$ cat coords_38.txt   # compact mmCIF, C-alpha atoms
# COMPACT_ATOMS: atom_id res chain seq x y z
CA MET K 1 176.75 117.65 133.20
CA SER K 2 175.94 114.00 133.75
CA ALA K 3 175.92 112.47 137.21
CA VAL K 4 175.85 108.83 138.20
CA LYS K 5 175.32 107.75 141.79
CA ARG K 6 174.12 104.86 143.92
CA VAL K 7 170.66 105.51 145.39
CA ARG K 8 169.19 104.42 148.70
CA GLY K 9 167.14 101.30 148.40
CA GLY K 10 169.30 99.97 145.57
CA GLY K 11 170.02 100.88 142.03
CA VAL K 12 171.99 103.55 140.26
CA SER K 13 170.68 106.94 139.20
CA VAL K 14 171.94 108.20 135.85
CA ARG K 15 171.26 111.89 135.29
CA LEU K 16 172.03 113.04 131.77
CA GLU K 17 171.53 116.42 130.21
CA PRO K 18 169.20 116.27 127.19
CA GLU K 19 172.16 116.57 124.79
CA GLU K 20 173.99 113.77 126.59
CA ALA K 21 170.95 111.49 126.51
CA ALA K 22 170.54 112.26 122.80
CA LEU K 23 174.19 111.35 122.19
CA VAL K 24 173.89 108.05 124.07
CA ARG K 25 170.67 107.27 122.19
CA ALA K 26 172.22 108.07 118.79
CA LEU K 27 175.31 105.99 119.53
CA MET K 28 173.24 103.00 120.70
CA GLU K 29 171.09 103.23 117.57
CA GLN K 30 174.24 103.34 115.43
CA LEU K 31 175.61 100.33 117.30
CA LEU K 32 172.42 98.41 116.58
CA ALA K 33 172.67 99.27 112.88
CA LEU K 34 176.33 98.22 112.85
CA LEU K 35 175.55 94.90 114.53
CA ASP K 36 173.03 94.15 111.78
CA GLN K 37 175.66 94.67 109.08
CA ASP K 38 177.29 91.54 107.77
CA ALA K 39 175.25 89.44 110.21
CA PRO K 40 174.43 85.84 109.32
CA GLY K 41 170.99 85.87 107.79
CA PRO K 42 168.07 83.71 106.72
CA GLY K 43 170.12 82.05 103.96
CA ASP K 44 172.39 80.64 106.63
CA GLU K 45 170.81 77.23 107.29
CA LEU K 46 171.99 76.84 110.88
CA ALA K 47 171.25 80.44 111.91
CA ALA K 48 167.94 79.37 113.47
CA VAL K 49 169.86 77.44 116.12
CA GLY K 50 172.56 80.09 116.64
CA ILE K 51 175.24 78.54 114.46
CA SER K 52 176.73 80.46 111.56
CA GLU K 53 178.30 79.28 108.34
CA ARG K 54 180.85 82.08 108.66
CA THR K 55 184.27 81.14 109.94
CA SER K 56 186.27 84.25 109.03
CA PRO K 57 186.32 87.59 110.87
CA PRO K 58 184.15 90.43 109.56
CA ASP K 59 185.76 92.76 107.00
CA ASP K 60 184.69 95.88 108.91
CA PRO K 61 187.47 96.67 111.44
CA VAL K 62 184.91 97.71 114.07
CA LEU K 63 183.00 94.44 113.79
CA ALA K 64 186.31 92.57 113.81
CA ARG K 65 187.15 94.39 117.07
CA LEU K 66 183.75 93.61 118.59
CA PHE K 67 184.02 89.96 117.48
CA PRO K 68 187.72 89.07 117.64
CA ASP K 69 189.12 85.65 116.86
CA GLY K 70 188.87 83.26 119.77
CA TYR K 71 192.16 81.59 118.92
CA ARG K 72 195.22 83.32 117.54
CA GLY K 73 197.49 81.34 115.29
CA ASP K 74 194.92 78.59 114.70
CA ASP K 75 192.57 79.65 111.90
CA ARG K 76 190.60 76.41 112.02
CA ALA K 77 189.89 76.63 115.76
CA ALA K 78 189.14 80.36 115.47
CA GLY K 79 186.68 79.67 112.65
CA GLU K 80 184.87 76.95 114.59
CA PHE K 81 184.72 79.19 117.65
CA ARG K 82 183.25 81.99 115.52
CA ARG K 83 180.62 79.66 114.01
CA TYR K 84 179.28 78.75 117.44
CA THR K 85 179.62 82.05 119.30
CA GLU K 86 179.28 85.09 117.05
CA MET K 87 175.51 85.00 116.67
CA GLY K 88 175.01 84.76 120.42
CA LEU K 89 177.50 87.56 121.02
CA ARG K 90 175.71 89.76 118.47
CA ASP K 91 172.37 89.05 120.14
CA GLY K 92 173.81 89.95 123.54
CA LYS K 93 175.25 93.21 122.25
CA ARG K 94 171.94 94.08 120.57
CA GLU K 95 170.02 93.35 123.77
CA ALA K 96 172.40 95.52 125.80
CA ALA K 97 171.97 98.46 123.41
CA ARG K 98 168.17 98.01 123.47
CA THR K 99 168.21 97.98 127.27
CA VAL K 100 170.05 101.32 127.31
CA LEU K 101 167.52 102.76 124.86
CA LYS K 102 164.61 101.42 126.92
CA THR K 103 165.96 102.86 130.17
CA LEU K 104 166.58 106.23 128.50
CA ASP K 105 162.84 106.31 127.75
CA ARG K 106 162.19 106.57 131.50
CA GLY K 107 163.12 110.22 131.51
CA PRO K 108 166.07 112.47 132.35
CA ARG K 109 167.11 110.57 135.49
CA PRO K 110 166.50 106.83 135.10
CA VAL K 111 167.26 104.60 138.06
CA LEU K 112 168.88 101.39 136.91
CA ASP K 113 168.70 98.18 138.86
CA ASP K 114 172.00 96.34 139.26
CA GLU K 115 171.44 94.17 136.19
CA GLU K 116 170.59 97.19 134.04
CA ALA K 117 173.68 99.01 135.32
CA GLN K 118 175.85 96.04 134.29
CA THR K 119 174.11 96.04 130.91
CA TRP K 120 174.84 99.76 130.49
CA LEU K 121 178.52 99.05 131.22
CA ARG K 122 178.65 96.39 128.50
CA ALA K 123 176.86 98.60 125.96
CA LEU K 124 179.03 101.64 126.74
CA ASN K 125 182.10 99.47 126.35
CA ASP K 126 180.90 98.27 122.93
CA VAL K 127 180.27 101.84 121.79
CA ARG K 128 183.68 102.94 123.05
CA LEU K 129 185.36 100.02 121.26
CA ALA K 130 183.55 100.92 118.05
CA LEU K 131 184.35 104.62 118.30
CA GLY K 132 187.92 103.97 119.39
CA THR K 133 188.47 101.68 116.42
CA ARG K 134 187.05 104.23 113.97
CA LEU K 135 189.22 106.98 115.47
CA ASP K 136 192.27 104.69 115.71
CA ILE K 137 192.61 105.47 119.42
CA THR K 138 195.94 104.38 120.91
CA GLU K 139 197.53 104.90 124.31
CA GLU K 140 198.91 108.19 123.02
CA TRP K 141 195.52 109.51 121.96
CA TYR K 142 195.30 112.14 124.72
CA GLU K 143 198.43 113.80 123.39
CA GLN K 144 197.14 113.55 119.83
CA ALA K 145 193.72 114.92 120.80
CA ALA K 146 195.32 117.83 122.66
CA GLU K 147 197.13 118.83 119.46
CA LEU K 148 194.04 118.42 117.28
CA ASP K 149 192.78 121.53 115.55
CA PRO K 150 189.31 122.38 116.93
CA ALA K 151 188.11 122.67 113.33
CA ASP K 152 189.17 119.07 112.60
CA PRO K 153 186.04 117.04 111.85
CA ARG K 154 187.20 114.32 114.28
CA THR K 155 187.18 116.68 117.27
CA PRO K 156 183.53 116.04 118.26
CA MET K 157 184.08 112.28 118.09
CA TYR K 158 187.19 112.50 120.27
CA ALA K 159 185.13 114.56 122.74
CA ALA K 160 182.34 111.97 122.64
CA TYR K 161 184.82 109.17 123.26
CA ASP K 162 186.32 111.05 126.20
CA TRP K 163 182.88 111.77 127.67
CA LEU K 164 181.81 108.12 127.26
CA THR K 165 184.95 107.10 129.12
CA MET K 166 184.03 109.38 132.01
CA LEU K 167 180.42 108.15 132.01
CA GLN K 168 181.55 104.54 132.07
CA GLU K 169 184.01 105.22 134.89
CA SER K 170 181.30 106.98 136.91
CA LEU K 171 178.99 104.03 136.42
CA VAL K 172 181.69 101.57 137.47
CA ARG K 173 182.30 103.59 140.66
CA ALA K 174 178.57 103.68 141.43
CA VAL K 175 178.13 99.95 140.86
CA TRP K 176 181.07 98.95 143.07
$ encode --input "coords_38.txt" --output "structure tokens"
Amino acid sequence: MSAVKRVRGGGVSVRLEPEEAALVRALMEQLLALLDQDAPGPGDELAAVGISERTSPPDDPVLARLFPDGYRGDDRAAGEFRRYTEMGLRDGKREAARTVLKTLDRGPRPVLDDEEAQTWLRALNDVRLALGTRLDITEEWYEQAAELDPADPRTPMYAAYDWLTMLQESLVRAVW
């Protein structure tokens, strides 16, 4: 079972079982692949300076959740906000996922400095948002999950979501 704790001298120790580390790695790799989908590309003239031609939300509900409109009820303002922020937000989310992957390469019990611990929190939150959107998690999801047939193909993903929630909470407690 995973354990997260503050260590003497600074930092946070994250001990993951091999299966847990493999799950975190797989989810971070999937997040990276997702972030590359529908991303502004080389054909986008202003992409080199971090400005996108796109003004509408992504079609994928997960990407739309990760990159919500900045202004509700004002499509023009929301579109302008998206043009100037989405590429930077994508880059930040990619960098956070890469940091998690890099720290996992340190072995079964990496010690994160405070900045890395904050980065883990952001990346875990992004993965939970993505997974929660795919599973259509609502406030009533614990009741729904409790009634779920163990043979239901969603059961492992609900378990992963629940475990990620506990990991994130443990990390928050260790950081503060």
$ closest_residue --input "coords_38.txt" --among "K:Pro58, K:Gly92, K:Pro110, K:Pro150" --to "Leu32 in chain K" --atoms "only C-alpha atoms"
K:Gly92
$ residues_around --input "coords_38.txt" --residues "range 93-100 of chain K" --least-positions-apart "4" --cutoff "8 Å" --atoms "all atoms listed in the file" --output "NGL selection string"
:K and (25 or 28-29 or 31-32 or 35 or 89 or 104 or 116 or 119-120 or 122-123 or 126)
$ closest_residue --input "coords_38.txt" --among "K:Arg65, K:Arg134, K:Arg90, K:Arg173" --to "Met157 in chain K" --atoms "only C-alpha atoms"
K:Arg134
$ atom_distance --input "coords_38.txt" --atom1 "CA of Val175 in chain K" --atom2 "CA of Asp114 in chain K"
7.3 Å
$ residues_around --input "coords_38.txt" --residues "Val14 in chain K" --least-positions-apart "2" --cutoff "8 Å" --atoms "only C-alpha atoms" --output "list in words"
Ser2, Ala3, Val4, Lys5, Val12, Leu16, Arg109, Pro110, Val111 and Leu112 of chain K
$ closest_residue --input "coords_38.txt" --among "K:Asp36, K:Asp162, K:Asp105, K:Glu80" --to "Ala21 in chain K" --atoms "all atoms listed in the file"
K:Asp105
$ atom_distance --input "coords_38.txt" --atom1 "CA of Leu164 in chain K" --atom2 "CA of Leu129 in chain K"
10.7 Å
$ residues_near_point --input "coords_38.txt" --point "(182.5, 110.1, 128.1)" --cutoff "10 Å" --atoms "all atoms listed in the file" --output "PyMOL selection string"
chain K and resi 2+20+24+124+128+158-170
$ write_last_selection --input "coords_38.txt" --atoms "C-alpha atoms" --output "PDB file, keeping the file's coordinate frame"
ATOM      1  CA  SER K   2     175.940 114.000 133.750  1.00  0.00           C
ATOM      2  CA  GLU K  20     173.990 113.770 126.590  1.00  0.00           C
ATOM      3  CA  VAL K  24     173.890 108.050 124.070  1.00  0.00           C
ATOM      4  CA  LEU K 124     179.030 101.640 126.740  1.00  0.00           C
ATOM      5  CA  ARG K 128     183.680 102.940 123.050  1.00  0.00           C
ATOM      6  CA  TYR K 158     187.190 112.500 120.270  1.00  0.00           C
ATOM      7  CA  ALA K 159     185.130 114.560 122.740  1.00  0.00           C
ATOM      8  CA  ALA K 160     182.340 111.970 122.640  1.00  0.00           C
ATOM      9  CA  TYR K 161     184.820 109.170 123.260  1.00  0.00           C
ATOM     10  CA  ASP K 162     186.320 111.050 126.200  1.00  0.00           C
ATOM     11  CA  TRP K 163     182.880 111.770 127.670  1.00  0.00           C
ATOM     12  CA  LEU K 164     181.810 108.120 127.260  1.00  0.00           C
ATOM     13  CA  THR K 165     184.950 107.100 129.120  1.00  0.00           C
ATOM     14  CA  MET K 166     184.030 109.380 132.010  1.00  0.00           C
ATOM     15  CA  LEU K 167     180.420 108.150 132.010  1.00  0.00           C
ATOM     16  CA  GLN K 168     181.550 104.540 132.070  1.00  0.00           C
ATOM     17  CA  GLU K 169     184.010 105.220 134.890  1.00  0.00           C
ATOM     18  CA  SER K 170     181.300 106.980 136.910  1.00  0.00           C
TER      19      SER K 170
END
$ atom_distance --input "coords_38.txt" --atom1 "CA of Leu121 in chain K" --atom2 "CA of Ile137 in chain K"
19.5 Å
$ closest_residue --input "coords_38.txt" --among "K:Val127, K:Asp149, K:Asp59, K:Glu115" --to "Leu23 in chain K" --atoms "only C-alpha atoms"
K:Val127
